[in-house]
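Written out below as structure tokens is the structure these notes cover.
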Protein chains: 2
Amino acid sequence: MLGEFTYVNPTRIHFGKEALAKLPGELVQYGDRVLLVYGGGSIKRTGLYDKIVTVLRECGKQIFEDAGVMPNPTLEKLREGIQIARKHEIDLILAVGGGSVCDYAKALSVSVHCDEDPWEKYYVRFEEPTCPIVPVGCVLTMVGTGSEMNGGSVITNRETMRKVGHVFGEAVYPKFSILNPELTYTLPEYQMKAGFYDIMSHILEQYFSGTDDNTSDYLMEGLLRSLIHSTRIAVKNPTDYEARSNIMWIATLALNTLVAKGKATDWEVHMLGQAVGAYTDATHGMTLSAVAGAYYRHILPYGLPKFKRLAVNVWNVSPDGKSDEQIANEGLAAMDAWMEEIGLVRSLAELGVTEDMLEGIADATFLQEGGYKVLNRSEVVEILRASM
Amino acid sequence: MLGEFTYVNPTRIHFGKEALAKLPGELVQYGDRVLLVYGGGSIKRTGLYDKIVTVLRECGKQIFEDAGVMPNPTLEKLREGIQIARKHEIDLILAVGGGSVCDYAKALSVSVHCDEDPWEKYYVRFEEPTCPIVPVGCVLTMVGTGSEMNGGSVITNRETMRKVGHVFGEAVYPKFSILNPELTYTLPEYQMKAGFYDIMSHILEQYFSGTDDNTSDYLMEGLLRSLIHSTRIAVKNPTDYEARSNIMWIATLALNTLVAKGKATDWEVHMLGQAVGAYTDATHGMTLSAVAGAYYRHILPYGLPKFKRLAVNVWNVSPDGKSDEQIANEGLAAMDAWMEEIGLVRSLAELGVTEDMLEGIADATFLQEGGYKVLNRSEVVEILRASM
């Protein structure tokens, strides 16, 4: 049953090979002082930086820079960015990069004019902004996080070893996002594959909850089928535009809040992955793929009908003459096989996690209540150990 | 392959049994002079009218009325509404009713401040508004058209016997729509069922185009599976909230532009149905169900792989040992069986169409180019005849 909800998503998406041509039409709606936010400089190597600077100049903008946003953006970096944005009285933040850059841009957008400590306000007390918000636009170069069309923003506090996500309301959503699948071709294969599992995890974490009949679950089955199909093509031929464009759009739809409407959601795999990320700086998607198998096998008995449904409707498992457990387990085996085929990390050890970190990671893991089983701390340790 | 597109949908949806409680929060954003637009007065019998008037008064609004919007709203009625809205210098149009009332409200919203003839500007030349647009909000009492979250507006010109839809840009979308599935319970069974086929037709008309691999098609398969499942429950028990709430949300998602993104679309069944509507005033959804069978059998040879895919992925036809034609035809037979089960009109004669009308209906039928076969006029007559 669809529960009560309000749905609106104000982000304007420009999608396709020519999507960057829509940037001037967006820029004209904002003030002249643009803060260009980006990561380690790969956009300079690919030529994207030059293209965007040219567009900004042609639109008469003053360009200021906040570079060096890292894969798991830190509070320390955020504090730097706030100083830069305040000093230059920024009118628009233009984030060019992947999910980390978009997440960071959103955190910055609600912190520039905030008198309180942003970590305490947004990532400890989870309050909504009460200050003016600097508008954000995105040019996406990596697929997976969905940050381009939602209010999510994950920041890591290195001092306290906490990686925490705040899902902000629509006022913090990017005003526009430019999605050109070709801009994602230059991404290293490892990052591309990590993004693929991030997408699958986003969908599964919303799918694995509830026992009712809900249109959102049917939509997610469609997204999963398309994702499985297209990722199999993309790992063989990373420049297959059809596959990469489908994957890019699936990633956005998986986490633009639409498929969660009217239903409970889980998100425990993300909580585990984020805790791992706070300890290792491992690539986000791979922290999820490393723990997912153990987690799903742990909760399967509590959500058997949904695991069975996934097996049949998404993984094409034939149910004839099999028990529900058998069908559900064949579904997970099919997921394992797909993960192997895609080339995902399947163990925490491979990400640099050592036995002595497990208790600390367990301490850093938020326990969610929307899924089929609310974990206790010892179950978290058990799942982490099984993922080594 | 996903083609180039821009996607944004500014309508805020409030969904659920308590959705009407969100109305005051919306009303406060607009001026005091509200035009209440509704149909034949069924909202007075159900008590909804009183509830809404109470909310409007509590919010300090001045209420003006434009009642009597008919199932196929006419240009004549629109001209009346323009006079009312101008006279009272309306700040907000609140449409309470089904798709016709929403469509009419949107037509009115772009005509109040328009100096030109609205029929000529919007329904002959298909121009976008160049005047200020009066904001529209909706309280939906019938499911099917999707008008609550898009820019579509169909108006009938009785003088020229033309029923024409204009798909306006996002500035004309409702600012908000209140979707309470329980408000649709009072709808007569015939109208409810007509809405069910309207939804299916919206999805199929976007599904039956293109030969590429496209995430939008997977989403539509999910929507169709959910729709088939829930409509079978709803015709047996029209007050099954789970089924009716799923159907209401599917209807919105089917036509809020999302599933059309990046792909071609057909819409010929709607063109045939609208031409029938201009001649008979028959219920919209039933004009579609009456012609769909003959139309799909006519175009099947031109889109065989997609008809086969629909049969397997949506109608659960087993493909083993069968030719593509056989699989595709079994899919259409399954659709026929579902249509019988739901109780849809399957012949134009039943809607009051007579042989002497067929040439006129064919003249009034727009020929679309996005589907598997661009019809010529004699094919239109052939399909209409086969639908008698």
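Simple scheme: letters A, B, ... for chains in structure tokens order, numbers from 1 for residues in each chain, numbers from 1 for ligands in the order shown.
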Output as a VMD selection string the set of chain B residues within 6 Å of chain A, with distances taken over only C-alpha atoms.
chain B and resid 1 4 to 8 10 12 to 16 215 218 to 219 222 226 242 246
Would you mind exporting N, CA, C and O atoms of the selected residues as a short mmCIF file (atom, residue, chain, number, x, y, z; two decimals), in the first residue's frame?
data_model
loop_
_atom_site.label_atom_id
_atom_site.label_comp_id
_atom_site.auth_asym_id
_atom_site.auth_seq_id
_atom_site.Cartn_x
_atom_site.Cartn_y
_atom_site.Cartn_z
N MET B 1 18.58 3.41 -27.15
CA MET B 1 19.46 4.49 -26.73
C MET B 1 18.65 5.69 -26.28
O MET B 1 17.67 6.05 -26.91
N GLU B 4 18.59 12.82 -26.66
CA GLU B 4 18.76 14.07 -25.90
C GLU B 4 17.44 14.47 -25.25
O GLU B 4 16.39 14.39 -25.90
N PHE B 5 17.45 14.89 -24.03
CA PHE B 5 16.23 15.42 -23.43
C PHE B 5 16.54 16.35 -22.27
O PHE B 5 17.63 16.33 -21.70
N THR B 6 15.54 17.18 -21.96
CA THR B 6 15.53 17.95 -20.72
C THR B 6 14.35 17.47 -19.92
O THR B 6 13.27 17.29 -20.46
N TYR B 7 14.57 17.20 -18.65
CA TYR B 7 13.48 16.75 -17.79
C TYR B 7 13.41 17.59 -16.53
O TYR B 7 14.41 17.76 -15.83
N VAL B 8 12.22 18.11 -16.27
CA VAL B 8 11.94 18.71 -14.97
C VAL B 8 10.43 18.68 -14.81
O VAL B 8 9.70 18.78 -15.81
N PRO B 10 7.73 20.44 -12.18
CA PRO B 10 7.63 21.29 -10.99
C PRO B 10 6.41 21.01 -10.11
O PRO B 10 6.29 21.62 -9.04
N ARG B 12 4.03 19.77 -7.33
CA ARG B 12 4.17 19.13 -6.02
C ARG B 12 2.95 18.24 -5.79
O ARG B 12 1.81 18.71 -5.83
N ILE B 13 3.19 16.95 -5.57
CA ILE B 13 2.11 15.99 -5.35
C ILE B 13 1.96 15.73 -3.86
O ILE B 13 2.95 15.40 -3.19
N HIS B 14 0.75 15.88 -3.35
CA HIS B 14 0.43 15.45 -1.99
C HIS B 14 -0.46 14.23 -2.11
O HIS B 14 -1.56 14.32 -2.64
N PHE B 15 0.03 13.10 -1.65
CA PHE B 15 -0.63 11.82 -1.91
C PHE B 15 -1.04 11.13 -0.62
O PHE B 15 -0.26 11.09 0.35
N GLY B 16 -2.25 10.59 -0.59
CA GLY B 16 -2.68 9.76 0.55
C GLY B 16 -4.01 10.18 1.13
O GLY B 16 -4.61 11.18 0.70
N THR B 215 15.95 2.41 -20.99
CA THR B 215 15.47 2.24 -19.61
C THR B 215 14.00 2.61 -19.46
O THR B 215 13.28 2.00 -18.67
N TYR B 218 11.73 -0.34 -19.73
CA TYR B 218 11.73 -1.20 -18.54
C TYR B 218 10.83 -0.60 -17.45
O TYR B 218 10.12 -1.33 -16.75
N LEU B 219 10.90 0.71 -17.28
CA LEU B 219 10.03 1.37 -16.31
C LEU B 219 8.56 1.14 -16.66
O LEU B 219 7.74 0.87 -15.79
N GLY B 222 7.29 -2.21 -15.74
CA GLY B 222 6.97 -2.25 -14.31
C GLY B 222 5.61 -1.63 -14.03
O GLY B 222 4.79 -2.19 -13.30
N SER B 226 2.19 -3.63 -12.60
CA SER B 226 1.51 -3.15 -11.40
C SER B 226 0.06 -2.79 -11.73
O SER B 226 -0.87 -3.09 -10.95
N GLU B 242 -5.36 -0.32 -1.23
CA GLU B 242 -4.04 -0.67 -1.78
C GLU B 242 -4.07 -0.62 -3.31
O GLU B 242 -3.23 0.02 -3.95
N ASN B 246 -2.36 2.38 -5.65
CA ASN B 246 -1.36 2.06 -6.68
C ASN B 246 -1.79 2.58 -8.05
O ASN B 246 -1.00 3.18 -8.78
#
Would you list, as a ChimeraX atom specification, the residues of region 153-270 of chain A that end up in helix (DSSP H, G or I) under DSSP run on this structure's backbone?
/A:170-172,181-184,189-207,215-236,241-254,258-260,268-270
Ile361 (chain A) surroundings by only C-alpha atoms, 12 Å radius, close-in-sequence under 3 positions cut, as an MDAnalysis selection string
chainID A and resid 160:163 271:280 287 348 353:358 364:366 377:378 380:385
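Distance-wise, CA of Gly371 (chain A) and CA of Leu204 (chain A) end up 10.6 Å apart.
Between CA of Glu182 (chain A) and CA of Ile52 (chain A) the separation is 15.2 Å.
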Shell around region 109-117 of chain A at 7 Å using only C-alpha atoms, local window under 5 positions removed, as a PDB file with N, CA and C atoms, in the first residue's frame:
ATOM      1  N   ILE A  82      34.154  26.999   2.721  1.00  0.00           N
ATOM      2  CA  ILE A  82      33.288  28.048   3.284  1.00  0.00           C
ATOM      3  C   ILE A  82      34.035  29.393   3.262  1.00  0.00           C
ATOM      4  N   ALA A  85      34.218  30.711  -0.339  1.00  0.00           N
ATOM      5  CA  ALA A  85      32.908  31.175  -0.827  1.00  0.00           C
ATOM      6  C   ALA A  85      32.504  32.482  -0.160  1.00  0.00           C
ATOM      7  N   ARG A  86      32.813  32.590   1.130  1.00  0.00           N
ATOM      8  CA  ARG A  86      32.468  33.836   1.842  1.00  0.00           C
ATOM      9  C   ARG A  86      33.290  34.999   1.332  1.00  0.00           C
ATOM     10  N   PRO A 129      18.583  23.721   6.840  1.00  0.00           N
ATOM     11  CA  PRO A 129      19.196  25.050   6.853  1.00  0.00           C
ATOM     12  C   PRO A 129      18.188  26.132   7.216  1.00  0.00           C
ATOM     13  N   CYS A 131      19.506  29.387   7.018  1.00  0.00           N
ATOM     14  CA  CYS A 131      20.189  30.513   6.387  1.00  0.00           C
ATOM     15  C   CYS A 131      19.891  30.497   4.881  1.00  0.00           C
ATOM     16  N   PRO A 132      20.205  31.597   4.165  1.00  0.00           N
ATOM     17  CA  PRO A 132      20.094  31.552   2.698  1.00  0.00           C
ATOM     18  C   PRO A 132      20.997  30.448   2.129  1.00  0.00           C
ATOM     19  N   ILE A 133      20.527  29.791   1.087  1.00  0.00           N
ATOM     20  CA  ILE A 133      21.266  28.681   0.467  1.00  0.00           C
ATOM     21  C   ILE A 133      21.822  29.162  -0.873  1.00  0.00           C
ATOM     22  N   VAL A 134      23.107  28.945  -1.089  1.00  0.00           N
ATOM     23  CA  VAL A 134      23.700  29.328  -2.380  1.00  0.00           C
ATOM     24  C   VAL A 134      23.277  28.280  -3.420  1.00  0.00           C
ATOM     25  N   PRO A 135      22.716  28.698  -4.557  1.00  0.00           N
ATOM     26  CA  PRO A 135      22.284  27.702  -5.547  1.00  0.00           C
ATOM     27  C   PRO A 135      23.454  26.881  -6.097  1.00  0.00           C
ATOM     28  N   VAL A 136      23.166  25.613  -6.402  1.00  0.00           N
ATOM     29  CA  VAL A 136      24.166  24.680  -6.918  1.00  0.00           C
ATOM     30  C   VAL A 136      23.730  24.175  -8.288  1.00  0.00           C
TER      31      VAL A 136
END
Using only C-alpha atoms, determine which residues lie at most 10 Å from region 205-208 of chain B, disregarding the query and same-chain residues fewer than 4 positions distant; provide the list as a ChimeraX atom specification.
/B:200-201,216-221,254-255,257,259-261,263-270,296,299-300,303-304,306-307,310,370-372
Export N, CA and C atoms of the chosen residues as a short mmCIF file (atom, residue, chain, number, x, y, z; two decimals), in the first residue's frame?
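Result file is out_25.cif:
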data_model
loop_
_atom_site.label_atom_id
_atom_site.label_comp_id
_atom_site.auth_asym_id
_atom_site.auth_seq_id
_atom_site.Cartn_x
_atom_site.Cartn_y
_atom_site.Cartn_z
N MET B 200 -3.58 2.52 -19.21
CA MET B 200 -2.84 1.53 -20.00
C MET B 200 -2.46 2.09 -21.36
N SER B 201 -3.39 2.82 -21.96
CA SER B 201 -3.13 3.38 -23.27
C SER B 201 -1.98 4.40 -23.22
N SER B 216 13.54 3.60 -20.22
CA SER B 216 12.13 4.01 -20.13
C SER B 216 11.19 2.83 -20.39
N ASP B 217 11.56 1.96 -21.32
CA ASP B 217 10.70 0.80 -21.62
C ASP B 217 10.63 -0.16 -20.44
N TYR B 218 11.73 -0.34 -19.73
CA TYR B 218 11.73 -1.20 -18.54
C TYR B 218 10.83 -0.60 -17.45
N LEU B 219 10.90 0.71 -17.28
CA LEU B 219 10.03 1.37 -16.31
C LEU B 219 8.56 1.14 -16.66
N MET B 220 8.26 1.27 -17.94
CA MET B 220 6.86 1.09 -18.37
C MET B 220 6.40 -0.34 -18.16
N GLU B 221 7.29 -1.31 -18.37
CA GLU B 221 6.90 -2.70 -18.09
C GLU B 221 6.54 -2.86 -16.62
N ALA B 254 2.44 7.58 -15.37
CA ALA B 254 2.32 7.18 -16.78
C ALA B 254 2.38 8.38 -17.71
N LEU B 255 1.99 9.55 -17.21
CA LEU B 255 1.89 10.69 -18.11
C LEU B 255 2.45 11.97 -17.50
N THR B 257 5.50 12.82 -18.06
CA THR B 257 6.59 12.99 -19.05
C THR B 257 7.81 12.13 -18.77
N VAL B 259 8.41 8.76 -18.34
CA VAL B 259 8.69 7.51 -19.08
C VAL B 259 8.86 7.75 -20.58
N ALA B 260 8.57 8.95 -21.03
CA ALA B 260 8.78 9.26 -22.46
C ALA B 260 10.18 9.79 -22.73
N LYS B 261 10.94 10.06 -21.65
CA LYS B 261 12.22 10.74 -21.84
C LYS B 261 13.20 9.89 -22.63
N LYS B 263 12.99 8.85 -25.68
CA LYS B 263 12.50 7.93 -26.71
C LYS B 263 11.38 8.54 -27.54
N ALA B 264 11.13 7.92 -28.70
CA ALA B 264 9.99 8.33 -29.52
C ALA B 264 8.71 7.77 -28.90
N THR B 265 7.57 8.37 -29.27
CA THR B 265 6.28 7.89 -28.76
C THR B 265 5.29 7.86 -29.93
N ASP B 266 4.17 7.16 -29.73
CA ASP B 266 3.23 6.95 -30.82
C ASP B 266 2.03 7.91 -30.72
N TRP B 267 1.08 7.61 -29.86
CA TRP B 267 -0.13 8.43 -29.58
C TRP B 267 -1.22 8.33 -30.63
N GLU B 268 -1.14 7.36 -31.56
CA GLU B 268 -2.20 7.26 -32.58
C GLU B 268 -3.53 6.80 -31.99
N VAL B 269 -3.49 5.92 -30.97
CA VAL B 269 -4.75 5.48 -30.35
C VAL B 269 -5.47 6.69 -29.75
N HIS B 270 -4.72 7.59 -29.13
CA HIS B 270 -5.35 8.80 -28.59
C HIS B 270 -5.91 9.69 -29.70
N TYR B 296 -3.74 -2.13 -32.71
CA TYR B 296 -2.51 -2.88 -32.40
C TYR B 296 -2.33 -4.07 -33.33
N ILE B 299 -0.81 -2.66 -36.53
CA ILE B 299 0.62 -2.25 -36.55
C ILE B 299 1.56 -3.37 -36.10
N LEU B 300 1.03 -4.46 -35.59
CA LEU B 300 1.88 -5.54 -35.07
C LEU B 300 3.00 -5.98 -36.02
N GLY B 303 6.04 -3.71 -35.75
CA GLY B 303 6.74 -3.58 -34.46
C GLY B 303 6.83 -4.90 -33.73
N LEU B 304 6.98 -5.96 -34.50
CA LEU B 304 6.92 -7.32 -33.94
C LEU B 304 7.81 -7.54 -32.72
N LYS B 306 8.84 -5.62 -30.37
CA LYS B 306 8.33 -4.95 -29.17
C LYS B 306 7.05 -5.62 -28.69
N PHE B 307 6.20 -6.05 -29.62
CA PHE B 307 4.99 -6.76 -29.23
C PHE B 307 5.34 -8.09 -28.56
N LEU B 310 6.61 -7.27 -25.04
CA LEU B 310 5.49 -6.96 -24.15
C LEU B 310 4.81 -8.25 -23.69
N GLY B 370 5.39 8.98 -34.64
CA GLY B 370 6.36 8.37 -33.73
C GLY B 370 6.27 6.87 -33.59
N GLY B 371 5.21 6.26 -34.08
CA GLY B 371 4.98 4.83 -33.83
C GLY B 371 5.61 3.93 -34.89
N TYR B 372 5.16 2.68 -34.92
CA TYR B 372 5.78 1.70 -35.83
C TYR B 372 5.27 1.83 -37.26
#
Do a neighbour search on Ile43 (chain A) at 12 Å with only C-alpha atoms, toss out local chain neighbours closer than 6 positions, and write the hits as a list in words.
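Here the answer would be Leu36, Val37, Tyr49, Asp50, Lys51, Ile52, Val53, Ala67, Gly68, Ala95, Val96, Gly97, Gly98, Val139, Leu140, Thr141, Met142, Leu183, Thr184, Thr186 and Leu187 of chain A.
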Which polymer residues have any atom within 10 Å of an atom of Ser289 (chain B), counting only C-alpha atoms, with same-chain residues fewer than 4 positions away left out, as a list in words?
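What passes the distance filter is Ala194, Phe196, Tyr197, Asp198, Met200, Ser201, Val269, Gly273, His284, Gly285, Gly293, Ala294, Asp336, Met339, Leu344, Val345, Arg346, Ser347, Leu348 and Ser387 of chain B.
Note that the spacing between CA of Glu350 (chain B) and CA of Ala290 (chain B) amounts to 8.7 Å.
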